[in-house]
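A.B. asks: If it helps, the file is called start32.tsv and holds TSV, C-alpha atoms and all ligand atoms:
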```tsv
chain	number	residue	atom	x	y	z
P	1	MET	CA	11.86	17.43	2.42
P	2	ASP	CA	15.35	17.78	3.78
P	3	PRO	CA	16.44	14.82	5.91
P	4	ALA	CA	19.59	16.74	6.86
P	5	MET	CA	17.60	19.45	8.58
P	6	PRO	CA	18.77	19.67	12.20
P	7	ALA	CA	16.22	18.49	14.73
P	8	GLY	CA	16.45	21.88	16.42
P	9	ALA	CA	15.16	23.61	13.32
P	10	ARG	CA	12.27	21.21	13.20
P	11	MET	CA	11.39	21.92	16.78
P	12	LEU	CA	8.07	23.62	16.62
P	13	ALA	CA	6.66	21.94	19.63
P	14	ALA	CA	4.19	23.10	22.17
P	15	SER	CA	5.09	24.97	25.32
P	16	ALA	CA	3.60	28.01	27.02
P	17	GLY	CA	2.39	30.82	24.78
P	18	VAL	CA	3.02	34.52	25.37
P	19	ALA	CA	0.54	37.33	25.29
P	20	ARG	CA	0.22	39.19	22.04
P	21	MET	CA	-2.21	41.38	20.20
P	22	VAL	CA	-4.68	40.21	17.63
P	23	SER	CA	-2.99	40.02	14.24
P	24	PRO	CA	-2.53	43.54	12.84
P	25	TRP	CA	-3.23	42.00	9.43
P	26	ILE	CA	-6.80	41.33	10.43
P	27	LEU	CA	-7.24	44.86	11.72
P	28	ALA	CA	-5.61	46.40	8.65
P	29	CYS	CA	-7.63	44.31	6.26
P	30	SER	CA	-10.38	46.45	4.80
P	31	PHE	CA	-13.39	44.74	3.32
P	32	LEU	CA	-12.59	45.73	-0.24
P	33	LEU	CA	-8.87	44.98	-0.13
P	34	CYS	CA	-9.28	41.57	1.35
P	35	SER	CA	-12.56	40.37	-0.05
P	36	SER	CA	-10.87	38.55	-2.92
P	37	SER	CA	-8.91	36.47	-0.41
P	38	PHE	CA	-12.14	35.20	1.02
P	39	LEU	CA	-13.73	34.13	-2.22
P	40	GLY	CA	-13.91	30.36	-2.38
P	41	SER	CA	-14.41	28.69	0.95
P	42	GLU	CA	-12.36	25.59	0.23
P	43	GLY	CA	-8.64	24.96	0.30
P	44	ALA	CA	-7.12	23.40	-2.78
P	45	ILE	CA	-5.40	20.08	-2.07
P	46	GLY	CA	-2.74	18.53	-4.24
P	47	VAL	CA	-0.22	15.72	-4.03
P	48	ASN	CA	3.52	15.81	-4.74
P	49	TYR	CA	4.50	13.44	-7.54
P	50	GLY	CA	7.97	12.36	-6.44
P	51	MET	CA	9.82	10.11	-8.86
P	52	LEU	CA	12.71	8.68	-6.84
P	53	GLY	CA	11.66	5.10	-7.44
P	54	ASN	CA	12.70	2.55	-10.06
P	55	ASN	CA	9.35	0.76	-9.97
P	56	LEU	CA	6.80	3.55	-10.42
P	57	PRO	CA	3.91	3.48	-12.92
P	58	SER	CA	4.17	5.36	-16.21
P	59	PRO	CA	3.38	9.09	-16.21
P	60	ALA	CA	0.15	8.44	-18.11
P	61	GLN	CA	-0.94	5.88	-15.49
P	62	VAL	CA	-0.05	8.25	-12.67
P	63	ILE	CA	-2.02	11.16	-14.12
P	64	SER	CA	-4.99	8.81	-14.63
P	65	MET	CA	-4.75	7.97	-10.93
P	66	TYR	CA	-4.87	11.68	-10.04
P	67	LYS	CA	-8.04	12.02	-12.10
P	68	ALA	CA	-9.65	8.86	-10.73
P	69	LYS	CA	-8.91	9.88	-7.12
P	70	LYS	CA	-10.12	13.45	-7.78
P	71	ILE	CA	-6.75	14.98	-6.88
P	72	GLY	CA	-6.96	18.35	-8.61
P	73	TYR	CA	-3.37	19.56	-8.15
P	74	VAL	CA	0.10	18.12	-8.59
P	75	ARG	CA	3.58	19.32	-7.71
P	76	LEU	CA	6.54	18.17	-9.79
P	77	PHE	CA	10.01	18.43	-8.28
P	78	HIS	CA	11.64	18.84	-11.67
P	79	PRO	CA	10.54	19.28	-15.26
P	80	ASP	CA	9.73	16.08	-17.15
P	81	THR	CA	8.27	16.39	-20.63
P	82	ALA	CA	6.60	12.96	-20.49
P	83	VAL	CA	4.71	13.97	-17.34
P	84	LEU	CA	3.86	17.39	-18.73
P	85	ALA	CA	2.56	15.74	-21.90
P	86	ALA	CA	0.38	13.42	-19.79
P	87	LEU	CA	-0.99	16.49	-18.00
P	88	ARG	CA	-2.21	18.13	-21.22
P	89	ASP	CA	-5.92	18.91	-21.06
P	90	SER	CA	-6.24	17.14	-17.70
P	91	GLY	CA	-7.42	20.30	-15.93
P	92	ILE	CA	-5.01	19.45	-13.10
P	93	GLY	CA	-3.20	22.46	-11.60
P	94	VAL	CA	0.58	22.04	-11.79
P	95	VAL	CA	3.39	23.39	-9.61
P	96	LEU	CA	6.64	22.94	-11.52
P	97	GLY	CA	10.04	23.02	-9.84
P	98	THR	CA	13.52	23.46	-11.26
P	99	TYR	CA	16.37	21.14	-10.35
P	100	ASN	CA	18.40	22.69	-7.54
P	101	GLU	CA	21.44	21.88	-9.68
P	102	ASP	CA	20.15	24.27	-12.36
P	103	LEU	CA	19.83	27.28	-10.04
P	104	ALA	CA	23.33	28.67	-10.58
P	105	ARG	CA	22.89	28.73	-14.33
P	106	LEU	CA	19.31	30.00	-14.18
P	107	ALA	CA	20.62	32.83	-11.98
P	108	SER	CA	23.60	33.80	-14.10
P	109	ASP	CA	22.48	33.07	-17.65
P	110	SER	CA	19.25	34.62	-18.88
P	111	SER	CA	19.42	32.67	-22.14
P	112	PHE	CA	19.46	29.42	-20.12
P	113	ALA	CA	16.34	30.61	-18.29
P	114	ALA	CA	14.76	31.39	-21.66
P	115	SER	CA	15.57	27.92	-22.99
P	116	TRP	CA	14.21	26.35	-19.77
P	117	VAL	CA	10.91	28.14	-20.33
P	118	GLY	CA	11.09	27.26	-24.04
P	119	SER	CA	11.51	23.55	-23.25
P	120	TYR	CA	9.21	23.00	-20.30
P	121	VAL	CA	6.59	25.72	-20.20
P	122	GLN	CA	5.99	27.22	-23.63
P	123	PRO	CA	5.17	23.92	-25.43
P	124	PHE	CA	2.56	23.12	-22.76
P	125	ALA	CA	1.14	26.56	-22.03
P	126	GLY	CA	-2.59	26.65	-22.62
P	127	ALA	CA	-2.99	22.87	-22.37
P	128	VAL	CA	-1.37	22.55	-18.92
P	129	GLN	CA	-2.66	24.65	-16.01
P	130	PHE	CA	0.60	25.90	-14.48
P	131	ARG	CA	-0.01	27.39	-11.04
P	132	TYR	CA	3.53	28.31	-9.98
P	133	ILE	CA	7.09	27.69	-11.02
P	134	ASN	CA	9.45	27.29	-8.09
P	135	ALA	CA	13.13	28.08	-8.49
P	136	GLY	CA	14.76	25.58	-6.14
P	137	ASN	CA	13.51	23.49	-3.23
P	138	GLU	CA	14.86	23.90	0.34
P	139	VAL	CA	18.15	25.55	-0.60
P	140	ILE	CA	17.90	28.45	1.88
P	141	PRO	CA	20.05	28.80	3.94
P	142	GLY	CA	22.90	27.16	2.05
P	143	GLU	CA	25.42	27.53	-0.73
P	144	ALA	CA	22.82	27.93	-3.46
P	145	ALA	CA	20.74	30.49	-1.54
P	146	PRO	CA	22.23	33.55	-3.31
P	147	ASN	CA	21.08	32.10	-6.65
P	148	VAL	CA	17.39	31.85	-5.80
P	149	LEU	CA	16.22	35.43	-6.35
P	150	PRO	CA	18.29	36.01	-9.52
P	151	ALA	CA	16.98	32.69	-10.91
P	152	MET	CA	13.41	33.76	-10.10
P	153	ARG	CA	13.97	37.08	-11.90
P	154	ASN	CA	15.43	35.41	-14.99
P	155	LEU	CA	12.63	32.86	-15.16
P	156	GLU	CA	10.05	35.58	-14.78
P	157	ALA	CA	11.62	37.69	-17.52
P	158	ALA	CA	11.72	34.64	-19.81
P	159	LEU	CA	8.05	33.88	-19.15
P	160	LYS	CA	7.13	37.49	-19.75
P	161	SER	CA	8.86	37.64	-23.11
P	162	ALA	CA	7.15	34.37	-24.05
P	163	GLY	CA	3.82	35.99	-23.16
P	164	ILE	CA	3.10	33.47	-20.40
P	165	ARG	CA	1.73	34.50	-17.01
P	166	VAL	CA	2.74	32.04	-14.30
P	167	PRO	CA	3.90	33.25	-10.87
P	168	VAL	CA	7.53	32.39	-10.09
P	169	THR	CA	8.56	31.57	-6.53
P	170	THR	CA	10.70	29.20	-4.46
P	171	ALA	CA	10.02	26.45	-1.91
P	172	VAL	CA	11.57	26.62	1.54
P	173	ALA	CA	11.84	24.30	4.53
P	174	THR	CA	10.87	25.53	8.00
P	175	SER	CA	14.61	25.57	8.73
P	176	VAL	CA	14.47	29.15	7.36
P	177	LEU	CA	12.84	30.01	10.70
P	178	GLY	CA	15.11	30.85	13.60
P	179	VAL	CA	12.11	31.24	15.92
P	180	SER	CA	8.93	29.30	15.34
P	181	TYR	CA	7.31	29.18	18.74
P	182	PRO	CA	5.01	30.67	19.82
P	183	PRO	CA	3.70	31.26	16.30
P	184	SER	CA	3.41	35.02	16.75
P	185	GLN	CA	7.15	35.17	17.41
P	186	GLY	CA	8.02	33.45	14.13
P	187	ALA	CA	11.10	34.99	12.50
P	188	PHE	CA	13.65	34.05	9.85
P	189	SER	CA	17.01	32.86	11.16
P	190	GLU	CA	20.11	35.02	10.85
P	191	ALA	CA	21.45	32.68	8.20
P	192	ALA	CA	18.26	32.73	6.12
P	193	SER	CA	17.16	36.32	6.60
P	194	PRO	CA	19.58	37.99	4.12
P	195	TYR	CA	18.02	35.82	1.38
P	196	MET	CA	14.46	35.53	2.63
P	197	ALA	CA	13.84	39.24	3.23
P	198	PRO	CA	14.40	40.34	-0.38
P	199	ILE	CA	12.61	37.24	-1.71
P	200	VAL	CA	9.43	37.80	0.30
P	201	THR	CA	9.27	41.51	-0.57
P	202	TYR	CA	9.78	40.61	-4.23
P	203	LEU	CA	7.03	37.97	-4.07
P	204	ALA	CA	4.65	40.37	-2.32
P	205	SER	CA	5.26	42.98	-5.03
P	206	LYS	CA	4.39	40.40	-7.70
P	207	GLY	CA	1.40	38.97	-5.85
P	208	ALA	CA	3.07	35.53	-5.92
P	209	PRO	CA	2.98	33.17	-2.92
P	210	LEU	CA	5.93	31.68	-1.01
P	211	LEU	CA	5.95	27.86	-0.92
P	212	VAL	CA	6.71	26.31	2.48
P	213	ASN	CA	7.25	22.64	3.38
P	214	VAL	CA	5.55	21.93	6.71
P	215	TYR	CA	6.25	18.69	8.63
P	216	PRO	CA	4.69	18.36	12.08
P	217	TYR	CA	5.93	14.75	11.89
P	218	PHE	CA	9.58	15.69	12.30
P	219	ALA	CA	8.85	18.06	15.16
P	220	TYR	CA	6.88	15.29	16.86
P	221	ALA	CA	9.50	12.59	16.21
P	222	ALA	CA	12.26	14.83	17.58
P	223	ASP	CA	10.46	15.33	20.88
P	224	ALA	CA	7.75	12.69	21.24
P	225	GLU	CA	8.04	12.87	25.03
P	226	ARG	CA	6.72	16.40	25.14
P	227	VAL	CA	4.68	16.91	21.96
P	228	GLN	CA	1.17	15.52	22.20
P	229	LEU	CA	0.49	13.07	19.38
P	230	GLY	CA	-3.04	14.39	18.86
P	231	TYR	CA	-1.71	17.95	18.45
P	232	ALA	CA	0.68	16.76	15.74
P	233	LEU	CA	-1.96	14.57	14.03
P	234	LEU	CA	-4.67	17.28	13.95
P	235	SER	CA	-6.96	14.88	15.77
P	236	GLN	CA	-9.82	15.81	18.09
P	237	SER	CA	-7.72	14.95	21.10
P	238	GLY	CA	-5.28	17.65	19.98
P	239	ALA	CA	-7.72	20.20	21.29
P	240	ALA	CA	-6.80	19.05	24.80
P	241	ALA	CA	-3.22	20.10	24.07
P	242	SER	CA	-4.24	23.39	22.56
P	243	VAL	CA	-1.90	26.33	22.82
P	244	THR	CA	-2.95	29.92	23.41
P	245	ASP	CA	-0.80	32.56	21.75
P	246	GLY	CA	-2.14	35.94	22.72
P	247	GLY	CA	-5.74	35.95	21.57
P	248	LEU	CA	-5.25	33.02	19.21
P	249	VAL	CA	-5.82	29.37	20.05
P	250	TYR	CA	-3.95	26.57	18.27
P	251	THR	CA	-5.38	23.07	18.37
P	252	ASN	CA	-2.85	21.58	15.95
P	253	MET	CA	0.80	21.96	15.04
P	254	PHE	CA	0.16	22.40	11.31
P	255	ASP	CA	-1.60	25.73	11.88
P	256	ALA	CA	1.05	26.77	14.41
P	257	ILE	CA	3.87	26.21	11.90
P	258	VAL	CA	2.05	27.96	9.04
P	259	ASP	CA	1.34	30.95	11.28
P	260	ALA	CA	4.95	31.08	12.49
P	261	ALA	CA	5.93	31.37	8.83
P	262	TYR	CA	3.30	34.10	8.33
P	263	ALA	CA	4.72	36.00	11.31
P	264	ALA	CA	8.26	35.72	9.89
P	265	VAL	CA	7.12	36.98	6.49
P	266	GLU	CA	5.34	39.94	8.07
P	267	LYS	CA	8.38	40.81	10.17
P	268	ALA	CA	10.43	40.81	6.98
P	269	GLY	CA	8.06	43.45	5.60
P	270	ALA	CA	5.89	41.38	3.25
P	271	GLN	CA	2.51	41.97	4.85
P	272	GLY	CA	0.17	40.73	2.14
P	273	LEU	CA	2.21	37.70	1.07
P	274	GLU	CA	0.36	34.41	0.75
P	275	LEU	CA	1.83	31.07	1.81
P	276	VAL	CA	1.23	27.79	0.02
P	277	VAL	CA	2.14	24.55	1.83
P	278	SER	CA	4.12	22.79	-0.87
P	279	GLU	CA	4.75	19.63	1.18
P	280	THR	CA	3.32	17.99	4.24
P	281	GLY	CA	2.92	14.37	5.23
P	282	TRP	CA	3.47	11.56	7.70
P	283	PRO	CA	5.36	8.30	7.14
P	284	SER	CA	3.48	5.01	7.43
P	285	GLY	CA	6.59	2.95	8.19
P	286	GLY	CA	10.36	2.91	8.13
P	287	GLY	CA	10.96	2.58	11.85
P	288	GLY	CA	10.53	6.20	12.97
P	289	VAL	CA	8.71	7.27	16.12
P	290	GLY	CA	4.99	7.36	15.37
P	291	ALA	CA	5.52	6.13	11.80
P	292	THR	CA	2.58	3.75	11.58
P	293	LEU	CA	-0.10	3.17	8.99
P	294	GLU	CA	-2.81	4.37	11.38
P	295	ASN	CA	-0.98	7.55	12.35
P	296	ALA	CA	-0.19	8.40	8.73
P	297	SER	CA	-3.78	7.76	7.75
P	298	SER	CA	-5.04	9.94	10.62
P	299	TYR	CA	-2.69	12.80	9.76
P	300	ASN	CA	-3.47	12.92	6.07
P	301	ASN	CA	-7.21	12.44	6.42
P	302	ASN	CA	-7.43	14.98	9.24
P	303	LEU	CA	-5.36	17.38	7.16
P	304	VAL	CA	-7.51	17.00	4.04
P	305	ARG	CA	-10.63	17.69	6.10
P	306	HIS	CA	-9.02	20.62	7.90
P	307	VAL	CA	-7.52	22.31	4.85
P	308	GLY	CA	-10.40	21.36	2.58
P	309	GLY	CA	-12.84	22.95	5.00
P	310	GLY	CA	-11.21	26.27	4.20
P	311	ALA	CA	-11.16	27.58	7.78
P	312	GLY	CA	-7.63	28.90	7.34
P	313	THR	CA	-5.30	29.35	10.31
P	314	PRO	CA	-5.87	31.41	13.49
P	315	ARG	CA	-3.71	34.21	12.05
P	316	ARG	CA	-5.51	34.08	8.70
P	317	PRO	CA	-9.06	32.98	9.53
P	318	GLY	CA	-11.14	32.19	6.47
P	319	LYS	CA	-8.11	32.17	4.18
P	320	PRO	CA	-7.86	28.63	2.75
P	321	VAL	CA	-4.34	27.14	2.77
P	322	GLU	CA	-3.48	25.58	-0.58
P	323	THR	CA	-1.66	22.39	0.45
P	324	TYR	CA	0.25	19.58	-1.28
P	325	LEU	CA	0.59	16.21	0.45
P	326	PHE	CA	3.90	14.41	0.27
P	327	ALA	CA	3.74	12.14	-1.59
P	328	MET	CA	1.94	10.09	-4.21
P	329	PHE	CA	4.14	6.95	-3.94
P	330	ASN	CA	6.49	5.17	-1.60
P	331	GLU	CA	9.83	5.83	-3.33
P	332	ASN	CA	12.50	3.13	-3.05
P	333	GLN	CA	15.37	5.34	-4.20
P	334	LYS	CA	15.02	7.79	-1.32
P	335	PRO	CA	17.24	7.35	1.77
P	336	GLU	CA	16.29	4.27	3.82
P	337	GLY	CA	13.97	4.64	6.78
P	338	VAL	CA	10.88	6.85	7.04
P	339	GLU	CA	11.87	8.73	3.86
P	340	GLN	CA	10.80	5.73	1.77
P	341	HIS	CA	7.37	5.55	3.44
P	342	PHE	CA	5.60	8.85	2.85
P	343	GLY	CA	3.51	7.55	-0.07
P	344	LEU	CA	-0.26	7.37	-0.27
P	345	PHE	CA	0.16	4.58	-2.84
P	346	GLN	CA	2.44	1.62	-3.41
P	347	PRO	CA	4.32	1.53	-6.70
P	348	ASP	CA	1.80	-1.12	-7.87
P	349	MET	CA	-0.87	1.62	-7.53
P	350	SER	CA	-2.63	0.03	-4.54
P	351	GLU	CA	-3.44	2.28	-1.60
P	352	VAL	CA	-1.10	2.31	1.39
P	353	TYR	CA	-4.13	3.69	3.23
P	354	HIS	CA	-7.23	5.47	2.05
P	355	VAL	CA	-7.37	9.25	1.79
P	356	ASP	CA	-10.72	10.65	0.83
P	357	PHE	CA	-10.08	13.60	-1.47
P	358	GLY	CA	-13.80	13.84	-2.09
P	359	SER	CA	-14.25	15.14	1.48
P	360	SER	CA	-12.36	18.30	0.54
P	361	SER	CA	-15.17	19.58	-1.64
C	401	LIG	C1	1.05	6.40	16.75
C	401	LIG	O1	2.39	6.60	17.20
C	401	LIG	C2	2.64	6.32	18.58
C	401	LIG	C3	4.10	6.52	18.84
C	401	LIG	O2	4.45	7.81	18.88
C	401	LIG	C4	2.30	4.93	18.92
C	401	LIG	O3	2.47	4.72	20.30
C	401	LIG	C5	0.87	4.62	18.52
C	401	LIG	O4	0.62	3.25	18.71
C	401	LIG	C6	0.62	5.00	17.08
C	401	LIG	N1	-0.80	4.86	16.86
C	401	LIG	C7	-1.30	3.99	16.00
C	401	LIG	C8	-2.79	3.88	16.00
C	401	LIG	O5	-0.61	3.35	15.23
```
Could you spell out this file's structure in C-alpha cells?
C.D. replies:
Amino acid sequence: MDPAMPAGARMLAASAGVARMVSPWILACSFLLCSSSFLGSEGAIGVNYGMLGNNLPSPAQVISMYKAKKIGYVRLFHPDTAVLAALRDSGIGVVLGTYNEDLARLASDSSFAASWVGSYVQPFAGAVQFRYINAGNEVIPGEAAPNVLPAMRNLEAALKSAGIRVPVTTAVATSVLGVSYPPSQGAFSEAASPYMAPIVTYLASKGAPLLVNVYPYFAYAADAERVQLGYALLSQSGAAASVTDGGLVYTNMFDAIVDAAYAAVEKAGAQGLELVVSETGWPSGGGGVGATLENASSYNNNLVRHVGGGAGTPRRPGKPVETYLFAMFNENQKPEGVEQHFGLFQPDMSEVYHVDFGSSS
C-alpha cells in the first residue's frame, strides 16, 4: 500500500455510468480457449505477511497460524530465508516480492538476479510452492519504474537457467490508472502507460498475471460524503447503490476497481491477461473515516465470501479473483494512523476480529 498515493488517484467512487457494449472478451472467448479459466469455481484467498513490527511472532509461529486458520496462500513483501524455511512442506502457496531497493541492480546486473534466485528460490524450490515472484511493489509511475521490466526479464532468465518455473510479474497500485470510472473506461495514466503497456504485453505473452493492490477503503475515506458505505464494504445494502456501466451492474467497489484495471489492460493490448489482487483490506482503527472494528470485519468477511464464491467480476463472470488480504498483523513500525491497523491479528496472535477462511471453500 502506498500512503503517499494522491487521493485523486484513489478516487474510484460511484457516479453515473455510461452506455457501453458487453465486454468483447466475453464475445471473443471460445469455449475451448477459455474453458481452462473456468475450471475451479472458487477464488484462492491469501493473506499478506507484513513484517514492519518489532513485536511479531516468530516465522514458525506465523506459518503455524496460517495452517491453523486454513489460510492457503501467503504474500511476502521481501525474501526472508527464515520465513521460507518455515514454509517448507507447508503446502501454502507463496507470492515472493523483491525489495524495491533491489530493482535497479536486478535490472542492470543479470548475475545479481541469478544470485537472488540462487539465495531465495533455488534452495526452497520443490519444498515451497512458489506462485509468483514480483519484481517491485507500487513503483509505477516513479523513478524506479524503468527498472521493472528489465528486472522481470533478468529474474525470469535466472529462473529458467536454474530449471525453475515460477511466473515473474510486478505489483502495482491503482494509481497506475488515469481513468477508473466507470469501470469500462479504465485506462492507464499518461505517466504510467509507457511502463505499463510493455509490461502487460510481456506478461500476457508469458501467461503470467499482473498483481494489483485494490483499496476501496481509501476511495471511500477520500469521499465519504458521496460514496455509499455499503458499496465500499461489499455489504447487501451496497446493492442499493449499484452502478450500471453499459450492460454490466456493479454492486460493490471492489469489482468496479478490478474491472477498471481489466479495461486498462485490454486497452493496452493485453487481452488475455489475468489480474491477481495482491492487496486489499480495511483498517480497524487509527482514526480514519470508517476505520472501525465492525467495518473492517464486514469488509474482510464480505470479501472472503464474495471472492471465495468464485463468481468473478461483471467483466469476467465466472473467473475467480485470486486475492490477498492486507494484512496478517497490526504492524507498529508502519506510519502512524490507519496504516498500523490493517491487521487481522494482534502481534500476540489474538484476533482483531474473526475472519472465517473456511467459508471460502
Ligand atoms: C462504519 O463507518 C462509518 C463512518 O464512515 C461510521 O459512521 C459507522 O459507525 C461505522 N460502522 C460501524 C458498525 O462501526
A.B. asks: Please indicate the distance in Å from atom CA of Gln346 of chain P to atom CA of Met328 of chain P, rounded to one decimal place.
C.D. replies: 8.5 Å
A.B. asks: Which residue out of P:Trp282, P:Phe342, P:Tyr181, P:Phe77 has the minimum interatomic distance to ligand LIG 401 (chain C) when only C-alpha atoms and all ligand atoms are used?
C.D. replies: P:Trp282
A.B. asks: Using all atoms listed in the file, which residues of the polymer chains come no farther than 12 Å from ligand LIG 401 (chain C)? I'd like the answer as a ChimeraX atom specification.
C.D. replies: /P:217-233,235,282-285,287-299
A.B. asks: Can you measure atom CA of Val172 of chain P to atom CA of Met65 of chain P for me? One decimal in Å is fine.
C.D. replies: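 Calculated distance between atom CA of Val172 of chain P and atom CA of Met65 of chain P is 27.7 Å.
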A.B. asks: Quick one: distance from atom CA of Asn330 of chain P to atom CA of Val62 of chain P in Å, one decimal?
C.D. replies: 13.2 Å
A.B. asks: When distances are computed from all atoms listed in the file, which of P:Asp109, P:Asp259, P:Glu331, P:Asp102 shows the smallest separation from Val277 of chain P?
C.D. replies: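 Using all atoms listed in the file, Val277 of chain P sits closest to P:Asp259.
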A.B. asks: Restricting the calculation to all atoms listed in the file: of P:Val83, P:Leu325, P:Ala125, P:Ala240, which residue gets closest to Val307 of chain P?
C.D. replies: P:Leu325
